[in-house]
>>> print(open('data.txt').read())   # compact mmCIF, C-alpha atoms and all ligand atoms
# COMPACT_ATOMS: atom_id res chain seq x y z
CA MET A 1 9.90 -14.30 16.56
CA GLU A 2 7.70 -11.71 18.33
CA PRO A 3 8.70 -8.83 16.04
CA ALA A 4 7.82 -10.93 12.96
CA VAL A 5 4.46 -12.01 14.40
CA ALA A 6 3.57 -8.46 15.44
CA SER A 7 4.61 -7.07 12.06
CA ALA A 8 2.69 -9.74 10.11
CA LEU A 9 -0.47 -9.22 12.20
CA HIS A 10 -0.18 -5.46 11.79
CA VAL A 11 0.08 -5.70 8.00
CA LEU A 12 -2.73 -8.28 8.00
CA GLY A 13 -4.92 -5.85 9.96
CA ILE A 14 -4.27 -3.07 7.46
CA SER A 15 -5.03 -5.28 4.45
CA LEU A 16 -8.13 -6.64 6.14
CA GLY A 17 -9.21 -3.09 7.01
CA LEU A 18 -8.96 -2.01 3.38
CA ALA A 19 -10.76 -5.15 2.17
CA THR A 20 -13.62 -4.63 4.64
CA LEU A 21 -14.07 -1.02 3.49
CA ILE A 22 -14.56 -2.28 -0.05
CA TRP A 23 -16.94 -4.95 1.26
CA ARG A 24 -18.87 -2.35 3.30
CA ASP A 25 -19.12 -0.10 0.24
CA ARG A 26 -20.56 -2.91 -1.86
CA ALA A 27 -23.07 -3.81 0.87
CA MET A 28 -24.18 -0.15 1.06
CA LYS A 29 -24.48 0.08 -2.71
CA ALA A 30 -26.66 -3.05 -2.69
CA VAL A 31 -28.99 -1.44 -0.13
CA GLN A 32 -29.18 1.75 -2.21
CA GLN A 33 -30.15 -0.32 -5.24
CA GLY A 34 -32.70 -2.26 -3.24
CA GLN A 35 -30.79 -5.50 -3.66
CA GLY A 36 -29.35 -5.88 -0.16
CA THR A 37 -30.24 -5.54 3.50
CA LEU A 38 -28.70 -3.49 6.27
CA ASP A 39 -27.64 -6.77 7.91
CA GLY A 40 -25.09 -7.13 5.10
CA VAL A 41 -23.75 -3.64 5.88
CA PHE A 42 -23.58 -4.38 9.60
CA ALA A 43 -21.67 -7.63 8.98
CA ALA A 44 -19.01 -5.77 6.95
CA ASP A 45 -18.95 -3.05 9.59
CA ASN A 46 -18.31 -5.62 12.36
CA VAL A 47 -15.30 -7.11 10.59
CA SER A 48 -14.00 -3.65 9.76
CA GLY A 49 -14.15 -2.82 13.49
CA LEU A 50 -12.21 -6.00 14.33
CA ALA A 51 -9.57 -5.06 11.74
CA ALA A 52 -9.22 -1.63 13.36
CA LEU A 53 -8.73 -3.25 16.79
CA LEU A 54 -6.09 -5.57 15.32
CA ILE A 55 -4.26 -2.60 13.74
CA ILE A 56 -4.32 -0.50 16.92
CA GLY A 57 -3.40 -3.40 19.21
CA THR A 58 -0.45 -4.63 17.17
CA GLY A 59 0.61 -1.04 16.41
CA LEU A 60 0.82 -0.15 20.10
CA TRP A 61 2.56 -3.44 20.84
CA ARG A 62 5.23 -2.64 18.24
CA LEU A 63 5.63 0.99 19.24
CA LEU A 64 5.63 0.72 23.02
CA GLY A 65 7.05 -2.79 23.28
CA ALA A 66 10.03 -1.55 21.18
CA LEU A 67 10.06 -5.00 19.54
CA GLU A 68 12.31 -4.01 16.63
CA LYS A 69 13.11 -0.35 16.96
CA PRO A 70 13.23 1.80 20.08
CA THR A 71 10.16 4.01 20.58
CA ASP A 72 12.34 7.11 20.05
CA TRP A 73 13.29 5.88 16.60
CA TYR A 74 9.66 6.01 15.47
CA LEU A 75 9.22 9.49 16.88
CA GLN A 76 12.09 10.74 14.71
CA GLU A 77 10.70 9.18 11.55
CA TYR A 78 8.65 11.63 9.45
CA ALA A 79 6.83 8.78 7.67
CA PHE A 80 5.65 7.62 11.11
CA HIS A 81 4.15 11.04 11.85
CA LEU A 82 2.51 11.10 8.41
CA LYS A 83 1.18 7.60 9.03
CA MET A 84 -0.25 8.60 12.42
CA SER A 85 -1.81 11.73 10.87
CA LEU A 86 -3.47 9.65 8.15
CA PHE A 87 -4.67 7.27 10.85
CA GLY A 88 -6.13 10.24 12.76
CA VAL A 89 -7.87 11.56 9.63
CA GLY A 90 -9.23 8.08 8.83
CA PHE A 91 -10.49 7.74 12.38
CA GLY A 92 -12.14 11.16 12.19
CA LEU A 93 -13.85 10.22 8.91
CA GLU A 94 -15.21 7.06 10.56
CA VAL A 95 -16.98 8.92 13.40
CA TYR A 96 -20.09 9.72 11.33
CA PRO A 97 -20.51 6.19 9.84
CA MET A 98 -19.82 4.61 13.23
CA VAL A 99 -22.36 6.72 15.11
CA THR A 100 -24.94 6.31 12.33
CA PHE A 101 -24.55 2.54 12.21
CA ILE A 102 -24.83 2.23 15.99
CA ARG A 103 -28.06 4.24 15.85
CA TRP A 104 -29.38 2.18 12.93
CA ARG A 105 -28.68 -1.10 14.69
CA GLY A 106 -30.84 0.11 17.57
CA GLN A 107 -33.61 1.23 15.21
CA VAL A 108 -33.60 -2.10 13.34
CA LYS A 109 -33.85 -3.95 16.66
CA ARG A 110 -36.87 -1.85 17.60
CA GLY A 111 -38.48 -2.61 14.23
CA LEU A 112 -37.97 0.92 12.84
CA ALA A 113 -36.71 1.70 9.33
CA PRO A 114 -33.47 3.77 9.34
CA ASP A 115 -33.06 6.70 6.97
CA VAL A 116 -30.94 5.01 4.30
CA ALA A 117 -30.75 8.22 2.27
CA ARG A 118 -27.62 8.90 4.34
CA LEU A 119 -25.84 6.00 2.65
CA GLY A 120 -24.56 8.28 -0.13
CA ARG A 121 -22.67 10.45 2.36
CA ILE A 122 -21.40 7.42 4.27
CA ARG A 123 -20.11 5.82 1.08
CA ALA A 124 -18.16 8.98 0.24
CA LEU A 125 -16.54 8.96 3.71
CA ASN A 126 -15.88 5.23 3.36
CA GLY A 127 -14.00 5.89 0.10
CA LEU A 128 -11.88 8.62 1.70
CA GLU A 129 -11.02 6.21 4.52
CA GLY A 130 -9.80 3.80 1.84
CA VAL A 131 -7.46 6.50 0.53
CA CYS A 132 -6.06 6.92 4.07
CA TYR A 133 -5.44 3.16 4.29
CA VAL A 134 -3.48 3.19 1.04
CA GLY A 135 -1.41 6.16 2.26
CA ILE A 136 -0.74 4.29 5.51
CA MET A 137 0.57 1.29 3.55
CA PHE A 138 3.03 3.50 1.67
CA CYS A 139 4.20 5.17 4.89
CA GLY A 140 4.76 1.72 6.41
CA ALA A 141 6.97 0.69 3.49
CA ILE A 142 8.98 3.92 3.74
CA MET A 143 9.44 3.44 7.49
CA ALA A 144 10.61 -0.14 7.10
CA ARG A 145 13.53 1.20 5.07
CA GLY A 146 14.31 4.00 7.49
CA LEU A 147 13.83 6.69 4.83
CA TRP A 148 12.62 10.14 5.85
CA HIS A 149 14.34 9.86 9.20
CA ALA A 150 15.44 12.93 11.12
CA SER A 151 18.92 11.47 11.39
CA ALA A 152 20.71 13.90 9.11
CA SER A 153 21.81 15.76 12.27
CA SER A 154 25.25 14.08 12.10
CA PRO A 155 26.95 11.21 10.26
CA ALA A 156 27.27 9.29 13.56
CA CYS A 157 23.50 9.51 14.12
CA ALA A 158 22.77 8.63 10.49
CA ILE A 159 24.88 5.46 10.87
CA GLU A 160 23.19 4.43 14.14
CA ASP A 161 19.80 4.97 12.53
CA ALA A 162 20.82 2.95 9.48
CA PHE A 163 21.84 0.10 11.83
CA VAL A 164 18.48 0.25 13.59
CA ALA A 165 16.60 0.20 10.29
CA ARG A 166 18.68 -2.39 8.44
CA CYS A 167 20.39 -4.58 11.02
CA SER A 168 18.19 -4.77 14.10
CA ASN A 169 16.04 -7.58 12.74
CA CYS A 170 19.09 -9.82 13.41
CA HIS A 171 20.94 -7.61 15.90
CA GLY A 172 17.98 -6.73 18.12
CA ALA A 173 18.05 -6.69 21.91
CA VAL A 174 16.44 -10.15 22.02
CA ALA A 175 18.75 -12.98 20.87
CA PRO A 176 21.24 -10.76 18.98
CA GLN A 177 23.25 -12.57 16.29
CA GLY A 178 26.99 -12.73 16.88
CA GLY A 179 26.33 -11.31 20.36
CA LEU A 180 26.06 -7.82 18.87
CA VAL A 181 23.12 -5.50 19.68
CA LEU A 182 22.66 -2.69 17.15
CA GLN A 183 19.08 -1.84 18.05
CA ARG A 184 20.18 0.83 20.51
CA GLY A 185 23.40 2.11 22.00
CA ALA A 186 25.39 0.96 18.97
CA HIS A 187 28.34 3.21 19.81
CA ALA A 188 28.92 1.60 23.21
CA ALA A 189 28.56 -1.87 21.68
CA LEU A 190 31.08 -1.21 18.91
CA VAL A 191 33.85 1.25 19.69
CA GLY A 192 36.80 -0.31 21.49
CA VAL A 193 34.79 -3.50 22.11
CA PRO A 194 36.20 -6.89 21.04
CA SER A 195 34.18 -9.25 18.84
CA ALA A 196 32.06 -11.67 20.86
CA GLN A 197 33.18 -14.48 18.52
CA TRP A 198 36.84 -13.63 17.89
CA PRO A 199 38.10 -11.76 20.98
CA ASP A 200 41.31 -10.73 19.19
CA GLN A 201 39.23 -8.83 16.61
CA PRO A 202 38.07 -5.39 17.76
CA ARG A 203 34.67 -4.35 16.40
CA VAL A 204 35.74 -0.73 15.83
CA VAL A 205 39.20 0.80 16.24
CA PRO A 206 38.81 4.59 15.94
CA GLY A 207 40.88 5.83 13.00
CA ALA A 208 41.54 2.34 11.57
CA PRO A 209 38.76 0.89 9.36
CA GLU A 210 40.94 -2.02 8.14
CA ARG A 211 41.39 -3.21 11.73
CA SER A 212 37.68 -2.78 12.52
CA LEU A 213 35.60 -5.96 12.12
CA LEU A 214 32.48 -3.82 11.57
CA TRP A 215 33.86 -2.10 8.48
CA ARG A 216 35.49 -5.29 7.17
CA LYS A 217 32.15 -7.11 7.38
CA LEU A 218 30.33 -4.28 5.59
CA ALA A 219 33.01 -4.12 2.88
CA GLY A 220 33.10 -7.92 2.38
CA GLU A 221 36.71 -8.07 3.62
CA GLN A 222 35.98 -9.98 6.82
CA ALA A 223 37.59 -13.34 5.85
CA PRO A 224 38.26 -15.53 7.78
CA HIS A 225 35.90 -14.00 10.35
CA GLY A 226 32.38 -15.16 9.44
CA GLY A 227 30.07 -13.65 6.83
CA ALA A 228 29.68 -10.24 5.20
CA MET A 229 26.98 -7.94 6.58
CA PRO A 230 24.08 -7.48 6.16
CA LEU A 231 24.13 -11.27 6.16
CA GLY A 232 22.51 -12.83 3.10
CA LEU A 233 21.65 -9.44 1.59
CA PRO A 234 23.43 -7.49 -1.16
CA ALA A 235 26.38 -5.44 0.11
CA ASP A 236 25.42 -1.90 1.10
CA GLU A 237 28.31 0.03 -0.42
CA ALA A 238 26.98 3.43 0.61
CA LEU A 239 26.74 2.33 4.25
CA ALA A 240 30.22 0.77 4.12
CA ALA A 241 31.64 4.07 2.80
CA GLN A 242 29.77 6.04 5.46
CA VAL A 243 31.06 3.75 8.21
CA ARG A 244 34.60 3.97 6.85
CA ALA A 245 34.51 7.79 6.91
CA TRP A 246 33.03 7.71 10.43
CA ILE A 247 35.78 5.38 11.73
CA GLU A 248 38.46 7.49 10.04
CA ALA A 249 36.98 10.53 11.80
CA GLY A 250 37.56 8.78 15.15
CA ALA A 251 34.15 7.02 15.44
CA PRO A 252 32.37 9.74 17.46
CA ALA A 253 29.14 9.01 19.37
CA CYS A 254 25.78 10.26 18.08
CA ARG A 255 24.49 13.23 20.08
CA ARG A 256 21.01 14.46 19.32
C1 LIG B 301 20.05 -11.87 8.40
C2 LIG B 301 20.65 -11.60 9.68
C3 LIG B 301 21.67 -10.51 9.79
C4 LIG B 301 21.58 -9.21 9.34
C5 LIG B 301 20.47 -8.55 8.56
C6 LIG B 301 22.78 -8.56 9.80
N1 LIG B 301 23.55 -9.44 10.50
FE1 LIG B 301 25.36 -9.04 11.37
N2 LIG B 301 25.50 -10.97 12.01
C7 LIG B 301 24.60 -11.97 11.73
C8 LIG B 301 25.12 -13.23 12.22
C9 LIG B 301 24.44 -14.58 12.10
C10 LIG B 301 26.39 -12.96 12.80
C11 LIG B 301 27.35 -13.96 13.44
C12 LIG B 301 28.12 -14.71 12.39
C13 LIG B 301 29.17 -13.86 11.68
O1 LIG B 301 29.86 -13.05 12.32
O2 LIG B 301 29.29 -13.98 10.46
C14 LIG B 301 26.59 -11.53 12.65
C15 LIG B 301 27.71 -10.86 13.10
C16 LIG B 301 27.95 -9.51 12.92
C17 LIG B 301 29.12 -8.82 13.40
C18 LIG B 301 30.26 -9.44 14.23
C19 LIG B 301 29.89 -9.36 15.70
C20 LIG B 301 30.96 -9.96 16.59
O3 LIG B 301 31.06 -9.48 17.74
O4 LIG B 301 31.63 -10.90 16.17
C21 LIG B 301 29.05 -7.52 12.98
C22 LIG B 301 30.04 -6.41 13.23
C23 LIG B 301 27.79 -7.40 12.27
N3 LIG B 301 27.15 -8.61 12.25
C24 LIG B 301 27.32 -6.23 11.71
C25 LIG B 301 26.11 -6.12 11.04
C26 LIG B 301 25.61 -4.89 10.46
C27 LIG B 301 26.32 -3.54 10.55
C28 LIG B 301 24.42 -5.18 9.86
C29 LIG B 301 23.50 -4.25 9.08
C30 LIG B 301 24.07 -3.51 7.99
C31 LIG B 301 24.17 -6.58 10.05
N4 LIG B 301 25.21 -7.13 10.78
C32 LIG B 301 23.05 -7.23 9.56
C33 LIG B 301 23.38 -11.80 11.09
C34 LIG B 301 22.92 -10.64 10.50
>>> encode(input="data.txt", output="C-alpha cells", more="lines below")
Ligand code: HEC
Amino acid sequence: MEPAVASALHVLGISLGLATLIWRDRAMKAVQQGQGTLDGVFAADNVSGLAALLIIGTGLWRLLGALEKPTDWYLQEYAFHLKMSLFGVGFGLEVYPMVTFIRWRGQVKRGLAPDVARLGRIRALNGLEGVCYVGIMFCGAIMARGLWHASASSPACAIEDAFVARCSNCHGAVAPQGGLVLQRGAHAALVGVPSAQWPDQPRVVPGAPERSLLWRKLAGEQAPHGGAMPLGLPADEALAAQVRAWIEAGAPACRR
C-alpha cells in the first residue's frame, strides 16, 4: 500500500507543479497587461511551493525508504540521474523568481510598488522550469520500466534488475506474494531454495530450467503450480529466454 500511495502522491506533486507554473504564468501575464494583481501571482506561487514540497518529500520517502526498489537501484539508473539533474536545473531557475517574489511580498506589505518590469524575465524562467517538469515526467516513465539501467555488466545482474523493475511491486520486501522476495538478494532467494507454496518444487535448479519453478512460471509451463508470472500481465518472452540461459549457465550470482 505504502509504495502505491507514495508513488501516486509523487506523480500528483509533479502534475500539480506543472499546472501551477502555467497558472503562475497566466497571473504574471495578467499583471503585465494591467488586468491582474500581484496577489494573483503570489497565490499561484504559494501553491507551486507546496507542490515542490510534496515532490521533494515523497521523492525522498521513495528513495531512502526503499519502498519499491533499493536505494542502490536508483543510483544505477541513468534516467534517475537525468531526472535529478533536471530537478537541479529547475531548482536553479527558480532561485531568481523565488527571491524576487519574497522581496515583492515585503514591498507590497509596506505599501511600496514592486518593479513589475522584471516579470518578462521571470516568465521566461518559469517557462524553462516547465520544460524541466516535462523532462522529469519522461524520466519517471523510463525509470518505472527499468530502462537505461547500468545492469548490462552481466546477464545475472540484468536479470536481478529486471526482477526489481518488473516484479517487486508484488514481490517486495513487505508482504511478498508467494513468500518470494525479488526486491533484493534475488539470487539467495531463488537458487537451491524450495518454493514456499510447494516445498517439493525448487525455485531454481542450476542447469535445469524445466525443473525450476521460476523459469516454468515465466514460460507459462507452471501447471499445476499456480499462475504464470508476471501474474496478470502478458508473458515476458525475452525475460523467460534470458532466465533460461542464465539457469543453463549454472545460475551464477550477480557481482557488480
Ligand atoms: C501482480 C502481482 C505479481 C507480479 C507482478 C509478479 N508476481 Fe510472482 N507471484 C504472485 C503471486 C500472487 C504468487 C503466488 C501464487 C502463485 O504462485 O501463482 C506469485 C508467485 C511467484 C513464484 C512462486 C514462488 C514460490 O515460492 O512458490 C515465482 C517464482 C514468481 N512469482 C516469480 C515472479 C517473477 C519472476 C515476476 C516478474 C517477472 C513476478 N513473479 C511478478 C504475484 C505476482
>>> closest_atom_pairs(input="data.txt", of="stretch 24-51 of chain A", to="stretch 4-14 of chain A", cutoff="12 Å", atoms="only C-alpha atoms", output="Markdown table")
| residue | atom | partner | partner_atom | distance |
| --- | --- | --- | --- | --- |
| A:Val47 | CA | A:Gly13 | CA | 10.5 |
| A:Ser48 | CA | A:Gly13 | CA | 9.3 |
| A:Gly49 | CA | A:Gly13 | CA | 10.3 |
| A:Leu50 | CA | A:Gly13 | CA | 8.5 |
| A:Ala51 | CA | A:Gly13 | CA | 5.0 |
>>> closest_residue(input="data.txt", among="A:Arg105, A:Leu53, A:Lys69, A:Ile136", to="A:Leu86", atoms="all atoms listed in the file")
A:Ile136
>>> closest_residue(input="data.txt", among="A:Cys254, A:Ala44, A:Ala165, A:Val89", to="ligand LIG 301 (chain B)", atoms="all atoms listed in the file")
A:Ala165
>>> closest_residue(input="data.txt", among="A:Gln177, A:Gln107, A:Gln201, A:Gln76", to="ligand LIG 301 (chain B)", atoms="only C-alpha atoms and all ligand atoms")
A:Gln177
>>> closest_residue(input="data.txt", among="A:Pro155, A:Pro114, A:Pro194, A:Gly59", to="A:Leu180", atoms="all atoms listed in the file")
A:Pro194
>>> residues_near_ligand(input="data.txt", ligand="ligand LIG 301 (chain B)", cutoff="6 Å", atoms="all atoms listed in the file", output="list in words")
Phe163, Arg166, Cys167, Cys170, Gln177, Gly178, Gly179, Leu180, Ser195, Ala196, Gln197, Arg203, Leu213, Leu214, Gly226, Gly227, Met229, Pro230, Leu231 and Gly232 of chain A
>>> closest_residue(input="data.txt", among="A:Gly172, A:Gly140, A:Gly220, A:Gly127", to="A:His81", atoms="only C-alpha atoms")
A:Gly140
>>> atom_distance(input="data.txt", atom1="atom CA of A:Leu128", atom2="atom CA of A:His149")
27.3 Å
>>> closest_residue(input="data.txt", among="A:Pro3, A:Ala43, A:Val108, A:Gly185", to="A:Trp61", atoms="only C-alpha atoms")
A:Pro3
>>> atom_distance(input="data.txt", atom1="atom CA of A:Gln183", atom2="atom CA of A:Val164")
5.0 Å
>>> atom_distance(input="data.txt", atom1="atom CA of A:Gly130", atom2="atom CA of A:Gly92")
12.9 Å
>>> residues_around(input="data.txt", residues="A:Ala249", least_positions_apart="2", cutoff="10 Å", atoms="all atoms listed in the file", output="number ranges by chain")
A: 156, 206-208, 243-247, 251-252
>>> write_last_selection(input="data.txt", atoms="C-alpha atoms", output="PDB file, keeping the file's coordinate frame")
ATOM      1  CA  ALA A 156      27.270   9.290  13.560  1.00  0.00           C
ATOM      2  CA  PRO A 206      38.810   4.590  15.940  1.00  0.00           C
ATOM      3  CA  GLY A 207      40.880   5.830  13.000  1.00  0.00           C
ATOM      4  CA  ALA A 208      41.540   2.340  11.570  1.00  0.00           C
ATOM      5  CA  VAL A 243      31.060   3.750   8.210  1.00  0.00           C
ATOM      6  CA  ARG A 244      34.600   3.970   6.850  1.00  0.00           C
ATOM      7  CA  ALA A 245      34.510   7.790   6.910  1.00  0.00           C
ATOM      8  CA  TRP A 246      33.030   7.710  10.430  1.00  0.00           C
ATOM      9  CA  ILE A 247      35.780   5.380  11.730  1.00  0.00           C
ATOM     10  CA  ALA A 251      34.150   7.020  15.440  1.00  0.00           C
ATOM     11  CA  PRO A 252      32.370   9.740  17.460  1.00  0.00           C
TER      12      PRO A 252
END
>>> decode(input="data.txt", residues="stretch 18-37 of chain A", atoms="N, CA and C atoms", output="mmCIF file, in the first residue's frame")
data_model
loop_
_atom_site.group_PDB
_atom_site.id
_atom_site.type_symbol
_atom_site.label_atom_id
_atom_site.label_comp_id
_atom_site.auth_asym_id
_atom_site.auth_seq_id
_atom_site.Cartn_x
_atom_site.Cartn_y
_atom_site.Cartn_z
ATOM 1 N N LEU A 18 3.506 21.350 -12.449
ATOM 2 C CA LEU A 18 3.427 21.845 -13.832
ATOM 3 C C LEU A 18 2.198 22.758 -13.992
ATOM 4 N N ALA A 19 1.064 22.320 -13.423
ATOM 5 C CA ALA A 19 -0.163 23.117 -13.536
ATOM 6 C C ALA A 19 0.008 24.483 -12.874
ATOM 7 N N THR A 20 0.703 24.518 -11.731
ATOM 8 C CA THR A 20 0.841 25.811 -11.034
ATOM 9 C C THR A 20 1.796 26.743 -11.785
ATOM 10 N N LEU A 21 2.752 26.168 -12.538
ATOM 11 C CA LEU A 21 3.630 27.031 -13.334
ATOM 12 C C LEU A 21 2.817 27.736 -14.416
ATOM 13 N N ILE A 22 1.896 26.970 -15.016
ATOM 14 C CA ILE A 22 1.046 27.557 -16.064
ATOM 15 C C ILE A 22 0.161 28.644 -15.449
ATOM 16 N N TRP A 23 -0.387 28.319 -14.278
ATOM 17 C CA TRP A 23 -1.228 29.273 -13.546
ATOM 18 C C TRP A 23 -0.416 30.541 -13.213
ATOM 19 N N ARG A 24 0.815 30.343 -12.716
ATOM 20 C CA ARG A 24 1.649 31.484 -12.327
ATOM 21 C C ARG A 24 1.970 32.346 -13.547
ATOM 22 N N ASP A 25 2.199 31.657 -14.700
ATOM 23 C CA ASP A 25 2.492 32.403 -15.927
ATOM 24 C C ASP A 25 1.300 33.279 -16.334
ATOM 25 N N ARG A 26 0.115 32.674 -16.245
ATOM 26 C CA ARG A 26 -1.090 33.452 -16.624
ATOM 27 C C ARG A 26 -1.276 34.645 -15.700
ATOM 28 N N ALA A 27 -1.054 34.439 -14.404
ATOM 29 C CA ALA A 27 -1.230 35.517 -13.423
ATOM 30 C C ALA A 27 -0.225 36.635 -13.718
ATOM 31 N N MET A 28 1.012 36.266 -14.112
ATOM 32 C CA MET A 28 2.022 37.285 -14.405
ATOM 33 C C MET A 28 1.656 38.050 -15.671
ATOM 34 N N LYS A 29 1.148 37.298 -16.660
ATOM 35 C CA LYS A 29 0.743 37.921 -17.916
ATOM 36 C C LYS A 29 -0.368 38.950 -17.650
ATOM 37 N N ALA A 30 -1.306 38.560 -16.769
ATOM 38 C CA ALA A 30 -2.421 39.458 -16.442
ATOM 39 C C ALA A 30 -1.889 40.756 -15.831
ATOM 40 N N VAL A 31 -0.874 40.632 -14.952
ATOM 41 C CA VAL A 31 -0.308 41.843 -14.331
ATOM 42 C C VAL A 31 0.355 42.710 -15.402
ATOM 43 N N GLN A 32 1.102 42.042 -16.306
ATOM 44 C CA GLN A 32 1.781 42.794 -17.375
ATOM 45 C C GLN A 32 0.779 43.575 -18.225
ATOM 46 N N GLN A 33 -0.399 42.953 -18.423
ATOM 47 C CA GLN A 33 -1.412 43.596 -19.268
ATOM 48 C C GLN A 33 -2.315 44.533 -18.473
ATOM 49 N N GLY A 34 -1.997 44.677 -17.201
ATOM 50 C CA GLY A 34 -2.781 45.567 -16.353
ATOM 51 C C GLY A 34 -4.153 45.025 -15.997
ATOM 52 N N GLN A 35 -4.307 43.701 -16.135
ATOM 53 C CA GLN A 35 -5.629 43.119 -15.838
ATOM 54 C C GLN A 35 -5.622 42.280 -14.569
ATOM 55 N N GLY A 36 -4.487 42.193 -13.903
ATOM 56 C CA GLY A 36 -4.430 41.355 -12.698
ATOM 57 C C GLY A 36 -3.596 42.024 -11.632
ATOM 58 N N THR A 37 -3.623 41.421 -10.422
ATOM 59 C CA THR A 37 -2.838 41.988 -9.324
ATOM 60 C C THR A 37 -1.738 41.008 -8.944
#
